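For reference, protein-v6.txt (compact mmCIF, C-alpha atoms):
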```txt
# COMPACT_ATOMS: atom_id res chain seq x y z
CA MET Y 1 11.74 20.94 23.33
CA ILE Y 2 11.19 20.68 19.58
CA ASP Y 3 14.60 22.30 18.95
CA LEU Y 4 16.20 19.77 21.30
CA LEU Y 5 14.56 16.83 19.50
CA GLN Y 6 15.63 18.25 16.14
CA THR Y 7 19.22 18.64 17.38
CA ILE Y 8 19.37 15.12 18.82
CA PHE Y 9 17.59 13.22 16.05
CA GLY Y 10 18.39 15.43 13.03
CA PRO Y 11 21.57 13.53 12.07
CA PHE Y 12 19.62 10.26 12.13
CA TYR Y 13 16.82 11.40 9.82
CA GLN Y 14 17.46 8.82 7.10
CA ILE Y 15 17.79 5.98 9.61
CA ILE Y 16 14.54 6.97 11.33
CA ARG Y 17 12.91 7.08 7.90
CA PHE Y 18 14.17 3.57 7.13
CA VAL Y 19 12.85 2.25 10.47
CA HIS Y 20 9.50 3.97 9.83
CA VAL Y 21 9.10 2.51 6.33
CA ALA Y 22 10.17 -0.98 7.47
CA ALA Y 23 7.67 -0.84 10.35
CA VAL Y 24 4.91 0.27 7.94
CA MET Y 25 5.65 -2.75 5.73
CA VAL Y 26 5.47 -5.11 8.70
CA TRP Y 27 2.30 -3.46 10.03
CA LEU Y 28 0.53 -3.56 6.68
CA PHE Y 29 1.50 -6.99 5.38
CA SER Y 30 2.71 -9.26 8.20
CA THR Y 31 -0.67 -10.91 8.74
CA SER Y 32 -1.94 -10.88 5.17
CA VAL Y 33 -1.11 -14.48 4.15
CA ALA Y 34 -2.29 -15.95 7.45
CA TYR Y 35 -5.48 -13.92 7.18
CA SER Y 36 -6.28 -14.61 3.53
CA TYR Y 37 -5.33 -18.27 3.27
CA TYR Y 38 -5.84 -19.71 6.77
CA LEU Y 39 -8.18 -17.57 8.82
CA VAL Y 40 -10.71 -16.62 6.14
CA PRO Y 41 -11.27 -20.18 4.76
CA ILE Y 42 -11.81 -21.69 8.20
CA PHE Y 43 -14.11 -18.88 9.34
CA LYS Y 44 -16.14 -19.18 6.13
CA SER Y 45 -16.53 -22.88 6.83
CA TRP Y 46 -17.53 -22.14 10.41
CA ARG Y 47 -20.17 -19.62 9.33
CA ARG Y 48 -21.63 -22.27 7.03
CA HIS Y 49 -21.37 -25.11 9.57
CA PRO Y 50 -21.33 -23.50 13.03
CA ASP Y 51 -21.99 -26.79 14.89
CA ASP Y 52 -19.38 -28.94 13.16
CA GLU Y 53 -16.95 -29.93 15.92
CA GLN Y 54 -13.98 -30.45 13.62
CA ILE Y 55 -14.49 -27.02 12.09
CA VAL Y 56 -14.90 -25.35 15.48
CA GLU Y 57 -11.74 -27.01 16.75
CA MET Y 58 -9.78 -25.92 13.68
CA ARG Y 59 -11.24 -22.40 13.89
CA ASN Y 60 -10.13 -22.10 17.52
CA TRP Y 61 -6.60 -23.24 16.74
CA VAL Y 62 -6.23 -20.92 13.74
CA MET Y 63 -7.65 -17.93 15.64
CA GLU Y 64 -5.41 -18.45 18.65
CA ARG Y 65 -2.37 -18.75 16.38
CA PHE Y 66 -3.49 -15.60 14.56
CA ASP Y 67 -3.80 -13.70 17.85
CA HIS Y 68 -0.22 -14.71 18.54
CA GLY Y 69 0.94 -13.89 15.00
CA ALA Y 70 -0.52 -10.39 15.25
CA ILE Y 71 2.29 -9.58 17.70
CA LEU Y 72 4.49 -8.64 14.71
CA GLU Y 73 1.91 -6.13 13.51
CA HIS Y 74 1.34 -4.84 17.01
CA VAL Y 75 5.03 -4.30 17.68
CA ALA Y 76 5.39 -2.45 14.37
CA PHE Y 77 2.52 -0.06 15.07
CA PRO Y 78 4.04 1.70 18.13
CA ILE Y 79 7.31 2.02 16.17
CA ILE Y 80 5.35 3.80 13.42
CA MET Y 81 3.66 6.02 16.00
CA ILE Y 82 7.04 7.05 17.46
CA THR Y 83 9.06 7.44 14.26
CA GLY Y 84 6.19 9.14 12.37
CA PRO Y 85 5.93 12.22 14.62
CA LEU Y 86 9.76 12.35 14.79
CA LEU Y 87 9.92 12.49 10.99
CA TYR Y 88 7.21 15.17 11.07
CA LEU Y 89 9.40 17.30 13.32
CA LEU Y 90 12.58 16.68 11.36
CA SER Y 91 11.35 16.80 7.77
CA GLY Y 92 9.89 20.28 7.61
CA TYR Y 93 6.59 19.03 6.18
CA ASN Y 94 3.53 20.20 8.10
CA SER Y 95 -0.25 20.19 8.03
CA GLY Y 96 -0.11 22.90 5.35
CA ASP Y 97 0.84 20.12 2.93
CA ASP Y 98 -2.40 18.50 1.72
CA TRP Y 99 -1.06 14.94 1.74
CA MET Y 100 0.34 15.32 5.25
CA LEU Y 101 -2.94 16.63 6.70
CA MET Y 102 -4.89 13.78 5.08
CA LYS Y 103 -2.34 11.26 6.36
CA LEU Y 104 -2.57 12.65 9.91
CA LEU Y 105 -6.38 12.50 9.79
CA ILE Y 106 -6.29 8.84 8.72
CA VAL Y 107 -3.51 7.67 11.05
CA PHE Y 108 -4.58 9.42 14.25
CA GLY Y 109 -8.33 9.51 13.68
CA LEU Y 110 -8.86 6.04 12.18
CA PHE Y 111 -5.85 3.71 12.51
CA LEU Y 112 -5.06 4.57 16.13
CA PRO Y 113 -8.53 3.72 17.53
CA ILE Y 114 -8.76 0.64 15.26
CA GLU Y 115 -5.41 -0.63 16.54
CA ILE Y 116 -6.31 0.03 20.20
CA PHE Y 117 -9.41 -2.09 19.68
CA ASP Y 118 -7.36 -4.74 17.86
CA TYR Y 119 -4.82 -4.89 20.72
CA THR Y 120 -7.68 -5.41 23.17
CA ILE Y 121 -9.32 -8.28 21.31
CA SER Y 122 -6.05 -9.95 20.31
CA HIS Y 123 -3.86 -9.68 23.39
CA PHE Y 124 -5.78 -8.33 26.40
CA ARG Y 125 -9.46 -8.72 27.28
CA GLY Y 126 -10.28 -10.70 24.13
CA ALA Y 127 -7.18 -12.92 23.87
CA LYS Y 128 -8.76 -16.27 22.99
CA LYS Y 129 -5.99 -18.40 24.51
CA ASN Y 130 -6.41 -16.69 27.89
CA ILE Y 131 -10.20 -16.97 27.77
CA ARG Y 132 -9.91 -20.69 26.95
CA ALA Y 133 -7.55 -21.15 29.89
CA SER Y 134 -10.09 -19.43 32.17
CA GLY Y 135 -12.67 -22.04 31.10
CA ASP Y 136 -15.38 -19.51 30.18
CA GLY Y 137 -16.80 -21.10 27.02
CA GLU Y 138 -19.48 -18.46 26.48
CA ASP Y 139 -16.96 -15.64 26.68
CA TYR Y 140 -14.74 -17.55 24.25
CA GLU Y 141 -17.53 -17.77 21.66
CA ARG Y 142 -18.52 -14.14 22.21
CA TYR Y 143 -15.01 -12.87 21.56
CA MET Y 144 -14.57 -15.25 18.64
CA ALA Y 145 -17.71 -13.75 17.05
CA LEU Y 146 -16.64 -10.21 17.88
CA HIS Y 147 -13.20 -10.75 16.35
CA TRP Y 148 -14.68 -12.24 13.18
CA ASN Y 149 -17.18 -9.37 12.89
CA PHE Y 150 -14.27 -6.98 13.31
CA PHE Y 151 -12.39 -8.69 10.46
CA VAL Y 152 -15.45 -8.76 8.21
CA TYR Y 153 -16.00 -5.05 8.76
CA ILE Y 154 -12.42 -3.82 8.75
CA THR Y 155 -10.83 -5.73 5.85
CA VAL Y 156 -11.59 -3.20 3.10
CA PRO Y 157 -11.18 0.00 5.18
CA ILE Y 158 -7.81 -1.03 6.57
CA SER Y 159 -6.39 -2.35 3.28
CA MET Y 160 -7.63 0.58 1.16
CA LEU Y 161 -6.75 3.31 3.64
CA GLY Y 162 -3.42 1.60 4.42
CA LEU Y 163 -2.42 1.68 0.77
CA PHE Y 164 -3.80 5.21 0.43
CA VAL Y 165 -1.54 6.39 3.28
CA VAL Y 166 1.49 4.78 1.59
CA PHE Y 167 0.44 6.50 -1.67
CA LEU Y 168 0.18 9.85 0.13
CA ALA Y 169 3.59 9.42 1.74
CA ILE Y 170 5.35 8.50 -1.51
CA VAL Y 171 3.56 10.60 -4.14
CA LYS Y 172 2.87 13.57 -1.83
CA PRO Y 173 -0.08 14.84 -3.92
CA SER Y 174 -1.69 18.23 -3.62
CA PHE Y 175 -5.52 18.31 -3.71
CA GLY Y 176 -5.92 21.89 -4.89
CA MET D 1 -23.80 -9.56 23.51
CA PHE D 2 -21.43 -10.30 20.60
CA GLN D 3 -23.17 -12.32 17.89
CA PRO D 4 -22.09 -12.96 14.31
CA PHE D 5 -23.79 -10.68 11.75
CA ASP D 6 -27.23 -11.83 10.61
CA GLU D 7 -26.18 -12.62 6.98
CA LYS D 8 -28.97 -10.47 5.50
CA PRO D 9 -27.65 -8.51 2.48
CA ALA D 10 -29.47 -5.38 3.73
CA THR D 11 -27.31 -5.37 6.87
CA TYR D 12 -24.12 -5.25 4.83
CA VAL D 13 -25.49 -2.61 2.44
CA ARG D 14 -26.38 -0.44 5.44
CA MET D 15 -22.95 -0.91 7.02
CA ALA D 16 -21.10 -0.18 3.76
CA VAL D 17 -23.12 2.94 2.92
CA LEU D 18 -22.99 4.33 6.47
CA SER D 19 -19.24 3.69 6.68
CA ALA D 20 -18.65 5.49 3.39
CA LEU D 21 -20.79 8.45 4.50
CA CYS D 22 -18.99 8.70 7.84
CA LEU D 23 -15.61 8.42 6.14
CA PHE D 24 -16.58 11.12 3.63
CA LEU D 25 -17.75 13.47 6.40
CA TYR D 26 -14.67 12.79 8.51
CA LEU D 27 -11.98 12.87 5.82
CA ALA D 28 -13.30 15.53 3.42
CA GLY D 29 -15.01 17.60 6.15
CA GLY D 30 -12.11 17.23 8.59
CA PHE D 31 -9.62 18.17 5.88
CA ALA D 32 -11.59 21.32 4.95
CA LEU D 33 -12.11 22.24 8.61
CA PHE D 34 -8.43 21.89 9.57
CA LYS D 35 -7.35 23.78 6.47
CA PHE D 36 -9.65 26.63 7.51
CA LEU D 37 -8.77 26.59 11.22
CA LEU D 38 -4.99 26.14 10.87
CA HIS D 39 -4.22 27.91 7.61
CA GLY D 40 -7.25 30.11 6.85
CA GLU D 41 -7.86 28.33 3.50
CA ASN D 42 -11.43 27.99 2.28
CA TRP D 43 -11.86 24.53 0.75
CA LEU D 44 -15.67 24.51 0.76
CA SER D 45 -15.73 26.18 -2.65
CA ASN D 46 -13.41 23.51 -4.11
CA TRP D 47 -16.16 21.35 -5.62
CA ARG D 48 -13.69 19.15 -7.52
CA PHE D 49 -12.11 17.97 -4.25
CA PHE D 50 -15.48 17.02 -2.78
CA LEU D 51 -16.66 15.42 -6.02
CA ILE D 52 -13.57 13.20 -6.30
CA ALA D 53 -13.81 12.31 -2.60
CA ALA D 54 -17.49 11.37 -3.04
CA LEU D 55 -16.73 9.22 -6.10
CA LEU D 56 -13.87 7.42 -4.34
CA LEU D 57 -16.03 6.77 -1.31
CA ALA D 58 -18.89 5.46 -3.48
CA LEU D 59 -16.37 3.00 -4.92
CA PHE D 60 -15.29 2.23 -1.36
CA ALA D 61 -18.90 1.48 -0.33
CA ARG D 62 -19.30 -0.98 -3.18
CA MET D 63 -16.03 -2.76 -2.45
CA HIS D 64 -16.81 -2.83 1.26
CA TYR D 65 -20.20 -4.41 0.62
CA ARG D 66 -18.77 -7.02 -1.74
CA SER D 67 -15.99 -7.90 0.66
CA MET D 68 -18.36 -8.29 3.62
CA THR D 69 -20.86 -10.45 1.75
CA SER D 70 -18.11 -12.60 0.30
CA LEU D 71 -16.47 -13.13 3.71
CA ASP D 72 -19.56 -13.61 5.80
CA THR D 73 -22.31 -14.98 3.57
CA HIS D 74 -20.51 -16.92 0.80
CA ARG D 75 -21.94 -14.64 -1.86
CA LEU D 76 -20.05 -13.43 -4.90
CA GLY D 77 -20.93 -11.32 -7.91
CA ARG D 78 -20.13 -8.23 -9.89
CA GLY D 79 -22.55 -5.66 -8.46
CA TRP D 80 -24.88 -5.17 -5.53
CA GLU D 81 -26.64 -8.44 -6.45
CA GLN D 82 -24.52 -11.23 -5.01
CA LYS D 83 -25.15 -14.92 -5.66
CA GLU D 84 -24.58 -17.60 -3.06
CA VAL D 85 -21.63 -19.94 -3.71
CA ALA D 86 -20.79 -23.34 -2.22
CA VAL D 87 -18.02 -23.56 0.35
CA LYS D 88 -16.27 -26.89 0.82
CA LEU D 89 -15.11 -27.83 4.29
CA PRO D 90 -11.33 -28.19 4.70
CA TYR D 91 -11.56 -31.89 5.58
CA GLU D 92 -13.83 -32.51 2.59
CA LYS D 93 -11.08 -31.11 0.38
CA VAL D 94 -8.46 -33.24 2.15
CA GLY D 95 -10.72 -36.31 1.75
CA GLU D 96 -11.21 -35.66 -1.96
CA ARG D 97 -7.48 -35.30 -2.46
CA ALA D 98 -6.82 -38.54 -0.58
CA GLN D 99 -9.39 -40.35 -2.74
CA GLU D 100 -7.78 -39.04 -5.91
CA GLU D 101 -4.36 -40.18 -4.74
CA THR D 102 -5.56 -43.71 -3.97
CA LYS D 103 -7.36 -44.14 -7.32
CA PRO D 104 -5.64 -46.71 -9.54
CA LYS D 105 -3.98 -45.00 -12.50
```
As structure tokens - that is how I would like this structure written.
Amino acid sequence: MIDLLQTIFGPFYQIIRFVHVAAVMVWLFSTSVAYSYYLVPIFKSWRRHPDDEQIVEMRNWVMERFDHGAILEHVAFPIIMITGPLLYLLSGYNSGDDWMLMKLLIVFGLFLPIEIFDYTISHFRGAKKNIRASGDGEDYERYMALHWNFFVYITVPISMLGLFVVFLAIVKPSFG
Amino acid sequence: MFQPFDEKPATYVRMAVLSALCLFLYLAGGFALFKFLLHGENWLSNWRFFLIAALLLALFARMHYRSMTSLDTHRLGRGWEQKEVAVKLPYEKVGERAQEETKPK
């Protein structure tokens, strides 16, 4: 099976690498401006003035647009998860390389569960637009709070570990 | 069930420190364990690796705490002591700008 994959995809190694790197860029940075300059200011205002109707209305609009905007990031992630293992098979690097083992630990042990949770609260059970359409106001507020808590908690881990993974992939350091 | 965080600095300190500890155990411990299981290499005696990992994760804890307090409680500062800062509402900013524009020059 591995030999077959290597035979089929071997000639396309550089193209797969390009697709992988492009998808990583989209995954890591596609939501950064919307997050930093639209979502964060309105959520900070909402935390300070939770009963202000204008703020709540603006918060809802921004969050629903952000849920929609996260589609870019959430299309890029599966591409990374397909091209990454393909590159692993084709490149000859393995878990014996320190940087590769660390990268695998971060991607499969941390990013994968984080993204599964993010998919759920952005597009499935916690999609704010769908909850609003269902008319369940309490559920809407609950998921709004959950999503904000998720952002508050995850901002530093995802940005630092994301950059660390890019560093590992490019510099390929040894920890010995 | 899902409520915003309580805005008490101790909550964020606890979250940041616990996260850093869990990350340290998972990344440094997992790395050493897989190296031993898959390749028979003993990394437990490599104190430099664990020391650097611990230092990086201490830095991580501090940044994590500062980020969470800044995002959720409008506090800013250089260390673990964060001071509260004022946050203007978006329509207050728009109103101020409109007033400035209508002022006679």
For this session: Show me which bits of chain Y are within 6 Å of chain D, counting all atoms listed in the file, as a PyMOL selection string.
Result: chain Y and resi 45+142+145-146+152+156
Export of prior selection with C-alpha atoms as an mmCIF file, in the coordinates of the input:
```cif
data_model
loop_
_atom_site.group_PDB
_atom_site.id
_atom_site.type_symbol
_atom_site.label_atom_id
_atom_site.label_comp_id
_atom_site.auth_asym_id
_atom_site.auth_seq_id
_atom_site.Cartn_x
_atom_site.Cartn_y
_atom_site.Cartn_z
ATOM 1 C CA SER Y 45 -16.530 -22.880 6.830
ATOM 2 C CA ARG Y 142 -18.520 -14.140 22.210
ATOM 3 C CA ALA Y 145 -17.710 -13.750 17.050
ATOM 4 C CA LEU Y 146 -16.640 -10.210 17.880
ATOM 5 C CA VAL Y 152 -15.450 -8.760 8.210
ATOM 6 C CA VAL Y 156 -11.590 -3.200 3.100
#
```
Exercise. Could you work out how far atom CA of Y:Ile42 lies from atom CA of Y:Ser122, giving the answer in Å with one decimal?
Worked result: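 Separating atom CA of Y:Ser122 from atom CA of Y:Ile42 is a distance of 17.8 Å.
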Exercise. Using only C-alpha atoms, can you list as number ranges by chain the residues within 12 Å of (-9.3, -18.1, 12.0)?
Worked result: Y: 31, 33-47, 55-69, 128, 144-145, 147-149, 151-152
For this session: Excluding Y:Asp118 and any residue of its chain fewer than 5 positions from it, enumerate the residues within 9 Å of it, using all atoms listed in the file, and give them as JSON, numbers by chain.
Result: {"Y": [74, 113, 123, 147, 150]}
For this session: Give as number ranges by chain the set of residues within 12 Å of the point (-2.7, -0.8, 13.8), where distances use the file's coordinates and all atoms listed in the file.
Result: Y: 23-31, 70-81, 106-120, 122, 154, 158-159, 161-162
Find the smallest box with edges along x, y and z containing every listed atom of stretch 52-58 of chain Y, then add 8 Å on each side and report centre and edge lengths in Å to one decimal, as AutoDock Vina command-line options.
```
--center_x -14.6 --center_y -27.9 --center_z 14.4 --size_x 25.6 --size_y 21.1 --size_z 20.7
```
For this session: Find the distance between atom CA of D:Asn42 and atom CA of Y:Gly84 and write it in Å to one decimal.
Result: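 Atom-to-atom, atom CA of D:Asn42 and atom CA of Y:Gly84 are spaced 27.7 Å apart.
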Exercise. Which value, in Å to one decimal, gives the distance between atom CA of Y:Gly176 and atom CA of D:Leu59?
Worked result: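 One can read the atom CA of Y:Gly176 to atom CA of D:Leu59 distance as 21.6 Å.
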